[in-house]
Amino acid sequence: MKAYKPKNRLSSQAYINGVLNGDRVILSRAITIIESNLESDKLLAKDIIQAILPASGNSIRIGITGVPGVGKSTFIEAFGKHLINQGHKVAILSIDPSSQRSKGSILGDKTRMEELSNLENAYIRPSASGETLGGVANKTAESMLLCEAAGYDVVLIETVGVGQSETAVHGMTDFFLLLMLAGAGDELQGIKKGIMEMADMVVINKADGDNIRKSEMARLQYQNALHIFPQSESGWSPVVTKASSTKNTGIDTVWDEVLKYKALVTQNGYFLKNRNYQKIRWMYDNINEELKHMFYGSKEILDELSILKKDIISSKISPVKAAQKIIEQFKGSF
Ligand code: GDP
């Protein structure tokens with residue numbers, strides 16, 4: 001059977017040229033190719049990524065997380081506008097694992113960042129959908145490369161602070177920003193210690209009105225808490241500040257800290273070391289995904305698995321032996 005190939009696709013060269021020329025419409029269409037699960041699009045996506053690769057990488061990649069309601073989109077709107085006023089081009093991508101499970105996604109349901117989305121130097125792309133977090137993260141990372149090749153020099157990758165997606169975002173960014181609220185315990189905010197540990201900066205948001213004093217107390221508390229963690233390999237000590245995304249205070253400080261971080265890690269070599277590490281990690285993640293796909297996508301394997309499951313339950317074969325047997329069968333299929 002001939003694979004389905006959509007009619008409205010351009011040549012790979014047209015996507016490549018469009019992206020390199022900073023054409024936002026073509027950029028969006030190229031990202032659609034990246035997000036597509038059609039075999040013909042996957043081939044096209046590989047060609048596009050390979051060609052734009054030399055033009056990618058020239059941005060600071062910032063991961064932003066925090067529980068729903070902490071003010072992520074309001075913060076990004078204020079932060080993005082600040083960056084654009086400074087002459088930057090800002091791309092905003094998101095990873096929303098909830099879009100896999102339910103029809104509605106946590107990040108995507110409301111109209112978000114309305115003002116920012118109208119600015120010429122901002123590019124906002126909602127989360128890709130997909131079956132696995134790995135798959136979604138992979139597509140976001142490739143979209144990030146396209147945005148860089150299109151001239152965006154700041155990439156913000158946003159995620160909801162409730163699960164494993166933070167680790168994925170941390171694994172593809174240079175700087176990790178955690179938004180928090182004053183007065184709500186860590187438990188309440190659903191933030192795990194591991195996520196705190198990844199943060200290069202914690203911003204206590206909504207530090208306005210009656211909340212200013214509480215926010216200052218929270219700032220000191222978190223600053224103390226972060227001191228307990230071992231020094232990160234980057235040589236950077238995480239900072240805690242407060243901000244109001246609605247009143248636009250403390251937003252400039254966030255960018256100043258990002259620049260200080262960038263200067264430090266460029267000078268001490270960690271920036272490049274981390275980027276290189278992330279690229280290798282990305283390859284291994286892809287190998288793992290592809291192997292799983294090949295294995296569990298095979299009808300013979302699935303048939304054999306259902307037999308083995310029965311044999312395990314009736315104690316005919318041990319789980320370890322069963323695993324070994326099916327792997328041998330898989331290897332034999334090449
Ligand atoms: P998200 O779910 O993390 O993206 O949060 P939103 O950006 O949608 O914000 C949730 C609510 O908090 C909205 O009603 C915002 O107007 C409000 N909000 C966000 N930032 C601030 C802030 O700095 N101060 C105050 N007072 N409210 C804020």
# chains A, B, ... in the order shown; residues from 1 in each chain; ligands from 1
$ select_by_dssp --residues "range 118-201 of chain A" --states "helix (DSSP H, G or I)" --output "ChimeraX atom specification"
/A:133-149,165-170,186-189,193-198
$ residues_around --residues "Phe175 in chain A" --least-positions-apart "3" --cutoff "7 Å" --atoms "only C-alpha atoms" --output "PyMOL selection string"
chain A and resi 61-63+200
$ residues_near_ligand --ligand "ligand 1" --cutoff "8 Å" --atoms "only C-alpha atoms and all ligand atoms" --output "compact mmCIF listing (two decimals) with C-alpha atoms, in the first residue's frame"
# COMPACT_ATOMS: atom_id res chain seq x y z
CA GLY A 66 5.04 26.25 38.15
CA VAL A 67 1.68 24.82 39.13
CA PRO A 68 -1.48 25.88 37.29
CA GLY A 69 -2.59 29.31 38.50
CA VAL A 70 0.87 30.43 39.63
CA GLY A 71 0.86 32.91 36.76
CA LYS A 72 3.00 31.31 34.08
CA SER A 73 1.23 32.80 31.10
CA THR A 74 0.92 36.22 32.77
CA PHE A 75 4.62 36.10 33.65
CA ILE A 76 5.64 35.03 30.15
CA ILE A 106 -4.05 22.36 31.33
CA LEU A 107 -2.08 24.94 29.41
CA ARG A 112 -3.12 32.86 26.72
CA VAL A 160 3.05 22.65 34.13
CA ASN A 205 5.10 35.62 41.67
CA LYS A 206 2.11 37.78 42.65
CA ALA A 207 4.28 39.87 44.96
CA ASP A 208 1.86 42.79 44.88
CA GLY A 209 -0.80 44.42 47.08
CA ALA A 243 7.93 39.64 41.02
CA SER A 244 4.50 40.79 40.03
CA SER A 245 3.58 39.80 36.52
CA THR A 246 0.47 41.96 36.56
CA LYS A 247 2.22 45.05 37.99
CA ASN A 248 5.33 44.37 35.94
$ residues_around --residues "Gln231 in chain A" --least-positions-apart "4" --cutoff "12 Å" --atoms "only C-alpha atoms" --output "PyMOL selection string"
chain A and resi 197-200+226-227+235-238
$ select_by_dssp --residues "range 116-250 of chain A" --states "strand (DSSP E)" --output "CSV table (one decimal) with all heavy atoms, in the first residue's frame"
chain,number,residue,atom,x,y,z
A,122,ALA,N,7.4,38.0,18.5
A,122,ALA,CA,7.1,36.9,19.4
A,122,ALA,C,6.5,35.8,18.6
A,122,ALA,O,5.8,36.1,17.6
A,122,ALA,CB,6.1,37.3,20.5
A,123,TYR,N,6.9,34.6,18.9
A,123,TYR,CA,6.3,33.4,18.2
A,123,TYR,C,5.8,32.5,19.3
A,123,TYR,O,6.6,32.0,20.1
A,123,TYR,CB,7.3,32.8,17.3
A,123,TYR,CG,6.7,31.6,16.6
A,123,TYR,CD1,5.9,31.7,15.5
A,123,TYR,CD2,7.0,30.3,17.1
A,123,TYR,CE1,5.3,30.6,14.9
A,123,TYR,CE2,6.4,29.2,16.5
A,123,TYR,CZ,5.6,29.3,15.4
A,123,TYR,OH,5.0,28.3,14.8
A,124,ILE,N,4.5,32.2,19.3
A,124,ILE,CA,4.0,31.3,20.3
A,124,ILE,C,3.4,30.1,19.7
A,124,ILE,O,2.6,30.1,18.8
A,124,ILE,CB,2.9,32.0,21.1
A,124,ILE,CG1,3.4,33.3,21.7
A,124,ILE,CG2,2.3,31.1,22.3
A,124,ILE,CD1,2.5,34.2,22.5
A,125,ARG,N,3.8,28.9,20.2
A,125,ARG,CA,3.3,27.7,19.7
A,125,ARG,C,2.8,26.8,20.8
A,125,ARG,O,3.6,26.5,21.8
A,125,ARG,CB,4.5,27.0,18.9
A,125,ARG,CG,4.1,25.6,18.3
A,125,ARG,CD,3.4,25.8,17.0
A,125,ARG,NE,3.1,24.5,16.4
A,125,ARG,CZ,2.7,24.4,15.1
A,125,ARG,NH1,2.6,25.4,14.3
A,125,ARG,NH2,2.4,23.2,14.7
A,154,VAL,N,15.8,34.1,22.0
A,154,VAL,CA,15.4,33.6,23.4
A,154,VAL,C,14.3,32.6,23.1
A,154,VAL,O,13.3,32.9,22.5
A,154,VAL,CB,14.9,34.8,24.3
A,154,VAL,CG1,14.6,34.2,25.7
A,154,VAL,CG2,15.9,35.9,24.4
A,155,VAL,N,14.5,31.4,23.7
A,155,VAL,CA,13.4,30.4,23.6
A,155,VAL,C,12.9,30.1,25.0
A,155,VAL,O,13.7,29.7,25.9
A,155,VAL,CB,13.9,29.1,22.9
A,155,VAL,CG1,12.7,28.1,22.8
A,155,VAL,CG2,14.4,29.4,21.5
A,156,LEU,N,11.6,30.3,25.2
A,156,LEU,CA,11.0,30.0,26.5
A,156,LEU,C,10.3,28.7,26.4
A,156,LEU,O,9.4,28.6,25.5
A,156,LEU,CB,10.1,31.1,27.0
A,156,LEU,CG,10.6,32.5,27.0
A,156,LEU,CD1,9.6,33.5,27.5
A,156,LEU,CD2,11.9,32.6,27.9
A,157,ILE,N,10.6,27.7,27.2
A,157,ILE,CA,9.8,26.4,27.1
A,157,ILE,C,9.1,26.3,28.4
A,157,ILE,O,9.7,26.2,29.5
A,157,ILE,CB,10.7,25.2,26.8
A,157,ILE,CG1,11.5,25.5,25.5
A,157,ILE,CG2,9.9,23.9,26.7
A,157,ILE,CD1,12.2,24.3,25.0
A,158,GLU,N,7.8,26.3,28.3
A,158,GLU,CA,6.9,26.3,29.5
A,158,GLU,C,6.3,25.0,29.7
A,158,GLU,O,6.0,24.3,28.8
A,158,GLU,CB,5.8,27.3,29.2
A,158,GLU,CG,4.7,27.4,30.2
A,158,GLU,CD,3.4,28.0,29.6
A,158,GLU,OE1,3.2,28.0,28.4
A,158,GLU,OE2,2.6,28.4,30.4
A,159,THR,N,6.2,24.6,31.0
A,159,THR,CA,5.5,23.4,31.3
A,159,THR,C,4.8,23.5,32.6
A,159,THR,O,5.0,24.4,33.4
A,159,THR,CB,6.4,22.1,31.3
A,159,THR,OG1,5.6,21.0,31.3
A,159,THR,CG2,7.3,22.1,32.5
A,160,VAL,N,3.8,22.6,32.9
A,160,VAL,CA,3.1,22.6,34.1
A,160,VAL,C,3.8,21.9,35.2
A,160,VAL,O,4.3,20.8,35.0
A,160,VAL,CB,1.7,21.9,34.0
A,160,VAL,CG1,0.6,22.6,34.8
A,160,VAL,CG2,1.3,21.7,32.6
A,175,PHE,N,18.7,27.2,31.2
A,175,PHE,CA,18.4,27.9,32.5
A,175,PHE,C,17.0,27.5,32.9
A,175,PHE,O,16.0,27.5,32.1
A,175,PHE,CB,18.4,29.4,32.3
A,175,PHE,CG,18.3,30.3,33.5
A,175,PHE,CD1,19.4,30.6,34.2
A,175,PHE,CD2,17.1,30.7,33.9
A,175,PHE,CE1,19.3,31.4,35.3
A,175,PHE,CE2,17.0,31.5,35.1
A,175,PHE,CZ,18.1,31.9,35.8
A,176,PHE,N,16.8,27.1,34.2
A,176,PHE,CA,15.5,26.6,34.6
A,176,PHE,C,14.9,27.5,35.7
A,176,PHE,O,15.5,27.7,36.7
A,176,PHE,CB,15.7,25.2,35.1
A,176,PHE,CG,14.4,24.4,35.2
A,176,PHE,CD1,13.7,24.0,34.1
A,176,PHE,CD2,13.9,24.0,36.5
A,176,PHE,CE1,12.6,23.2,34.2
A,176,PHE,CE2,12.7,23.3,36.6
A,176,PHE,CZ,12.1,22.9,35.4
A,177,LEU,N,13.7,28.0,35.4
A,177,LEU,CA,13.0,29.0,36.2
A,177,LEU,C,11.8,28.4,36.8
A,177,LEU,O,10.9,27.8,36.1
A,177,LEU,CB,12.7,30.2,35.3
A,177,LEU,CG,12.1,31.4,35.9
A,177,LEU,CD1,13.1,32.1,36.8
A,177,LEU,CD2,11.6,32.3,34.8
A,178,LEU,N,11.7,28.5,38.1
A,178,LEU,CA,10.5,27.9,38.8
A,178,LEU,C,9.7,29.1,39.4
A,178,LEU,O,10.2,29.9,40.1
A,178,LEU,CB,11.0,27.0,40.0
A,178,LEU,CG,10.0,26.4,40.9
A,178,LEU,CD1,9.0,25.6,40.2
A,178,LEU,CD2,10.8,25.6,42.0
A,179,LEU,N,8.4,29.1,39.1
A,179,LEU,CA,7.5,30.2,39.6
A,179,LEU,C,6.8,29.6,40.8
A,179,LEU,O,6.3,28.5,40.8
A,179,LEU,CB,6.5,30.6,38.6
A,179,LEU,CG,7.0,31.4,37.3
A,179,LEU,CD1,5.8,31.8,36.5
A,179,LEU,CD2,7.8,32.6,37.7
A,180,MET,N,6.8,30.4,41.9
A,180,MET,CA,6.1,29.9,43.1
A,180,MET,C,5.2,31.0,43.7
A,180,MET,O,5.3,32.2,43.2
A,180,MET,CB,7.2,29.6,44.2
A,180,MET,CG,8.2,28.5,43.8
A,180,MET,SD,7.5,26.9,44.0
A,180,MET,CE,8.2,26.5,45.6
A,181,LEU,N,4.4,30.6,44.6
A,181,LEU,CA,3.6,31.6,45.3
A,181,LEU,C,3.9,31.7,46.8
A,181,LEU,O,4.4,30.7,47.4
A,181,LEU,CB,2.1,31.2,45.2
A,181,LEU,CG,1.5,31.2,43.8
A,181,LEU,CD1,0.1,30.7,43.8
A,181,LEU,CD2,1.5,32.6,43.2
A,201,MET,N,16.7,29.5,39.2
A,201,MET,CA,16.1,30.7,39.8
A,201,MET,C,14.7,30.4,40.2
A,201,MET,O,13.9,29.6,39.5
A,201,MET,CB,16.1,31.8,38.8
A,201,MET,CG,15.5,33.1,39.3
A,201,MET,SD,15.9,34.4,38.1
A,201,MET,CE,15.5,35.8,39.1
A,202,VAL,N,14.3,30.9,41.4
A,202,VAL,CA,12.9,30.8,41.8
A,202,VAL,C,12.3,32.2,41.9
A,202,VAL,O,12.9,33.1,42.5
A,202,VAL,CB,12.8,30.1,43.3
A,202,VAL,CG1,11.4,30.1,43.8
A,202,VAL,CG2,13.4,28.7,43.2
A,203,VAL,N,11.2,32.3,41.3
A,203,VAL,CA,10.5,33.7,41.3
A,203,VAL,C,9.2,33.5,42.1
A,203,VAL,O,8.4,32.7,41.7
A,203,VAL,CB,10.3,34.2,39.9
A,203,VAL,CG1,9.5,35.5,40.0
A,203,VAL,CG2,11.6,34.4,39.2
A,204,ILE,N,9.1,34.3,43.2
A,204,ILE,CA,7.9,34.3,43.9
A,204,ILE,C,7.0,35.3,43.2
A,204,ILE,O,7.2,36.5,43.2
A,204,ILE,CB,8.0,34.8,45.4
A,204,ILE,CG1,9.3,34.1,46.1
A,204,ILE,CG2,6.8,34.6,46.2
A,204,ILE,CD1,9.1,32.7,46.4
A,205,ASN,N,6.0,34.8,42.5
A,205,ASN,CA,5.1,35.6,41.7
A,205,ASN,C,3.9,36.2,42.5
A,205,ASN,O,3.7,35.7,43.6
A,205,ASN,CB,4.6,34.8,40.5
A,205,ASN,CG,3.9,35.7,39.5
A,205,ASN,OD1,4.3,36.8,39.2
A,205,ASN,ND2,2.8,35.2,38.8
A,239,VAL,N,19.2,31.7,42.6
A,239,VAL,CA,18.7,32.9,43.3
A,239,VAL,C,17.2,32.9,43.4
A,239,VAL,O,16.5,32.3,42.6
A,239,VAL,CB,19.0,34.2,42.5
A,239,VAL,CG1,20.4,34.7,42.8
A,239,VAL,CG2,18.8,34.1,41.0
A,240,VAL,N,16.7,33.6,44.4
A,240,VAL,CA,15.2,33.7,44.6
A,240,VAL,C,14.9,35.1,44.6
A,240,VAL,O,15.5,35.9,45.3
A,240,VAL,CB,14.8,33.0,46.0
A,240,VAL,CG1,13.3,33.0,46.1
A,240,VAL,CG2,15.4,31.6,46.2
A,241,THR,N,13.9,35.5,43.8
A,241,THR,CA,13.5,36.9,43.8
A,241,THR,C,11.9,36.9,43.8
A,241,THR,O,11.3,35.9,43.7
A,241,THR,CB,13.9,37.6,42.5
A,241,THR,OG1,13.3,37.0,41.4
A,241,THR,CG2,15.4,37.6,42.3
A,242,LYS,N,11.4,38.1,43.9
A,242,LYS,CA,9.9,38.2,43.9
A,242,LYS,C,9.6,39.1,42.7
A,242,LYS,O,10.3,40.0,42.3
A,242,LYS,CB,9.3,38.7,45.2
A,242,LYS,CG,9.9,39.9,45.8
A,242,LYS,CD,9.3,40.0,47.2
A,242,LYS,CE,9.4,41.4,47.8
A,242,LYS,NZ,10.7,42.0,47.9
$ closest_atom_pairs --of "range 39-75 of chain A" --to "range 271-282 of chain A" --cutoff "12 Å" --atoms "only C-alpha atoms" --output "Markdown table"
| residue | atom | partner | partner_atom | distance |
| --- | --- | --- | --- | --- |
| A:Gly57 | CA | A:Arg275 | CA | 9.0 |
| A:Asn58 | CA | A:Arg275 | CA | 11.5 |
| A:Ser59 | CA | A:Arg275 | CA | 11.6 |
| A:Ile60 | CA | A:Phe271 | CA | 10.0 |
| A:Arg61 | CA | A:Arg275 | CA | 10.3 |
$ residues_around --residues "His88 in chain A" --least-positions-apart "4" --cutoff "10 Å" --atoms "only C-alpha atoms" --output "list in words"
Gly80, Lys81, His82, Leu83, Ile84, Asn121, Ala122, Gly151, Tyr152, Asp153 and Val154 of chain A
$ closest_residue --among "A:Ala149, A:Gln329, A:Lys89, A:Met113" --to "Tyr15 in chain A" --atoms "only C-alpha atoms"
A:Ala149
$ residues_around --residues "Val19 in chain A" --least-positions-apart "4" --cutoff "6 Å" --atoms "only C-alpha atoms" --output "list in words"
Asp23, Leu27 and Ala150 of chain A
$ residues_around --residues "Ser234 in chain A" --least-positions-apart "2" --cutoff "7 Å" --atoms "only C-alpha atoms" --output "list of chain:residue names"
A:Ser232, A:Trp236, A:Val265, A:Tyr270
$ atom_distance --atom1 "CA of Ser127 in chain A" --atom2 "CA of Thr140 in chain A"
7.6 Å
$ residues_around --residues "Ile16 in chain A" --least-positions-apart "2" --cutoff "7 Å" --atoms "only C-alpha atoms" --output "number ranges by chain"
A: 12-14, 18-20, 48, 51-52
$ closest_residue --among "A:Ile251, A:Arg213, A:Gly135, A:Ser28" --to "Ala78 in chain A" --atoms "only C-alpha atoms"
A:Ile251
$ atom_distance --atom1 "CA of Glu148 in chain A" --atom2 "CA of Ser56 in chain A"
5.0 Å
